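Chemist: Just work.tsv, nothing more (TSV, C-alpha atoms):
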chain	number	residue	atom	x	y	z
F	84	MET	CA	46.55	-18.48	-100.66
F	85	PRO	CA	45.22	-15.70	-102.94
F	86	PRO	CA	42.79	-16.66	-105.70
F	87	PRO	CA	44.14	-16.95	-109.24
F	88	ASN	CA	43.25	-14.19	-111.70
F	89	ASN	CA	41.68	-14.78	-115.11
F	90	ARG	CA	45.08	-15.75	-116.63
F	91	GLY	CA	45.75	-18.50	-114.12
F	92	THR	CA	48.53	-16.65	-112.29
F	93	MET	CA	48.47	-15.77	-108.62
F	94	MET	CA	47.91	-12.20	-107.49
F	95	HIS	CA	49.20	-10.99	-104.12
F	96	HIS	CA	47.41	-8.19	-102.34
F	97	HIS	CA	49.27	-6.08	-99.81
F	98	ASN	CA	47.42	-4.24	-97.08
F	99	THR	CA	49.65	-1.18	-97.00
F	100	MET	CA	48.56	2.43	-96.88
F	101	THR	CA	50.15	4.90	-99.26
F	102	HIS	CA	50.31	8.38	-97.82
F	103	MET	CA	49.46	11.25	-100.14
F	104	THR	CA	50.58	13.95	-97.70
F	105	PHE	CA	53.69	14.26	-95.56
F	106	PHE	CA	53.51	12.41	-92.25
F	107	TRP	CA	55.73	11.88	-89.23
F	108	GLY	CA	56.31	8.28	-88.38
F	109	LYS	CA	58.71	5.38	-88.63
F	110	ASN	CA	56.30	2.84	-90.13
F	111	SER	CA	56.61	3.53	-93.83
F	112	GLU	CA	57.93	1.82	-96.93
F	113	ILE	CA	60.97	3.47	-98.47
F	114	LEU	CA	62.19	2.38	-101.91
F	115	PHE	CA	61.19	-1.29	-101.56
F	116	SER	CA	58.10	-3.12	-100.36
F	117	GLY	CA	58.45	-4.04	-96.70
F	118	TRP	CA	61.63	-2.02	-96.17
F	119	PRO	CA	62.57	-0.76	-93.59
F	120	GLY	CA	59.72	-2.51	-91.76
F	121	THR	CA	58.74	-1.61	-88.21
F	122	SER	CA	62.16	-1.88	-86.58
F	123	PRO	CA	63.56	1.48	-85.37
F	124	GLY	CA	67.08	0.33	-86.20
F	125	MET	CA	66.19	-0.41	-89.79
F	126	TYR	CA	64.39	2.94	-90.03
F	127	VAL	CA	67.53	4.77	-88.86
F	128	LEU	CA	69.54	2.76	-91.39
F	129	ALA	CA	67.11	3.86	-94.12
F	130	LEU	CA	67.52	7.50	-93.07
F	131	ILE	CA	71.30	7.18	-93.20
F	132	LEU	CA	71.19	5.41	-96.57
F	133	VAL	CA	69.00	8.08	-98.17
F	134	PHE	CA	71.26	10.81	-96.74
F	135	VAL	CA	74.38	9.10	-98.11
F	136	LEU	CA	72.70	8.69	-101.51
F	137	ALA	CA	71.83	12.40	-101.58
F	138	VAL	CA	75.39	13.40	-100.63
F	139	LEU	CA	76.79	11.06	-103.29
F	140	VAL	CA	74.52	12.57	-105.95
F	141	GLU	CA	75.72	16.07	-105.05
F	142	ARG	CA	79.35	14.95	-104.96
F	143	LEU	CA	79.05	13.41	-108.42
F	144	SER	CA	77.46	16.63	-109.68
F	145	HIS	CA	80.51	18.68	-108.74
F	146	CYS	CA	83.46	16.36	-109.30
F	147	LYS	CA	85.90	16.96	-112.14
F	148	LEU	CA	87.79	13.77	-112.94
F	149	MET	CA	89.13	14.72	-116.35
F	150	LYS	CA	92.52	16.32	-116.78
F	151	PRO	CA	92.96	19.08	-119.41
F	152	GLY	CA	95.06	16.93	-121.79
F	153	ALA	CA	92.85	13.82	-121.71
F	154	ASN	CA	91.59	11.97	-124.78
F	155	HIS	CA	88.23	13.46	-125.83
F	156	ALA	CA	86.58	10.09	-126.54
F	157	THR	CA	87.62	8.67	-123.18
F	158	ALA	CA	86.63	11.87	-121.40
F	159	GLY	CA	83.20	11.82	-123.03
F	160	LEU	CA	82.67	8.17	-122.13
F	161	ILE	CA	83.62	8.75	-118.50
F	162	GLN	CA	81.39	11.84	-118.27
F	163	THR	CA	78.50	9.87	-119.77
F	164	LEU	CA	79.00	7.04	-117.29
F	165	LEU	CA	79.15	9.44	-114.33
F	166	HIS	CA	76.02	11.21	-115.54
F	167	ALA	CA	74.14	7.91	-115.82
F	168	ILE	CA	75.20	6.90	-112.31
F	169	ARG	CA	74.24	10.32	-110.92
F	170	VAL	CA	70.81	10.25	-112.55
F	171	GLY	CA	70.18	6.70	-111.33
F	172	LEU	CA	71.08	7.59	-107.76
F	173	ALA	CA	69.03	10.80	-107.97
F	174	PHE	CA	66.07	8.67	-109.09
F	175	PHE	CA	66.37	6.55	-105.92
F	176	VAL	CA	66.51	9.70	-103.78
F	177	MET	CA	63.39	11.00	-105.56
F	178	LEU	CA	61.56	7.73	-104.90
F	179	ALA	CA	62.54	7.90	-101.22
F	180	ILE	CA	61.14	11.44	-101.00
F	181	MET	CA	57.94	10.20	-102.65
F	182	SER	CA	57.33	7.98	-99.63
F	183	PHE	CA	56.03	11.27	-98.12
F	184	ASN	CA	57.86	10.60	-94.86
F	185	ALA	CA	58.85	13.95	-93.33
F	186	PHE	CA	61.97	12.47	-91.70
F	187	ILE	CA	63.23	11.28	-95.10
F	188	LEU	CA	62.62	14.74	-96.52
Would you kindly transcribe this structure into structure tokens?

Modeler:
Amino acid sequence: MPPPNNRGTMMHHHNTMTHMTFFWGKNSEILFSGWPGTSPGMYVLALILVFVLAVLVERLSHCKLMKPGANHATAGLIQTLLHAIRVGLAFFVMLAIMSFNAFIL
């Protein structure tokens, strides 16, 4: 059990190495601590997930859902919602790239 800090709460220390340059390997953390782990199947799933996220971000960037005669307030709200979703997904793709795993790139 880790020792308590000066506030009385427990601190957990992880023995993980953060790469600061691109590397080739399947043992890395992508997006979440401990994910995908050391399993090759989970690593392939992570690669597929990041690829699907990137494709979805690009698809949302180029889709036109509004018809020419649509209500302007509704159209603006839908465009704002789509933009927020696109930026959120793009943020996850950026974090995956920041794992510095060359396969993810």

Chemist: Could you tell me how far atom CA of F:His155 lies from atom CA of F:Arg169, in Å and to one decimal?

Modeler: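 Rounded to one decimal, the two atoms are 20.7 Å apart.
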
Chemist: Quick one: everything within 12 Å of F:Ile131, counting all atoms listed in the file, minus sequence neighbours fewer than 4 positions away in the same chain. Send it as a list in words.

Modeler: Pro119, Gly124, Met125, Tyr126, Val127, Val135, Leu136, Ala137, Val138, Val176, Ala179, Phe186, Ile187 and Leu188 of chain F

Chemist: Please, what distance in Å, to one decimal, runs between atom CA of F:Val170 and atom CA of F:Glu112?

Modeler: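 Answer for the atom CA of F:Val170 to atom CA of F:Glu112 separation: 21.9 Å.
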
Chemist: Could you check how far atom CA of F:Val140 sits from atom CA of F:Ile168, in Å to one decimal?

Modeler: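 Rounded to one decimal, the two atoms are 8.5 Å apart.
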
Chemist: Excluding F:Gln162 and residues on its chain fewer than 3 positions from it, collect all residues at most 12 Å away from it, counting only C-alpha atoms, and give them as a list in words.

Modeler: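 In the requested form, the answer reads Leu143, Ser144, His145, Cys146, Lys147, Leu148, Met149, His155, Ala156, Thr157, Ala158, Gly159, Leu165, His166, Ala167, Ile168 and Arg169 of chain F.
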
Chemist: Closest to F:Ile180 among F:Ile113, F:Arg142, F:Trp107, F:Leu128, using only C-alpha atoms?

Modeler: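 For F:Ile180, the nearest of the candidates is F:Ile113.
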
Chemist: Counting all atoms listed in the file, I want the residues whose atoms come within 12 Å of (60.2, 8.6, -101.5) in the file frame, returned as a ChimeraX atom specification.

Modeler: /F:101-105,111-116,118,129-130,133,173-188
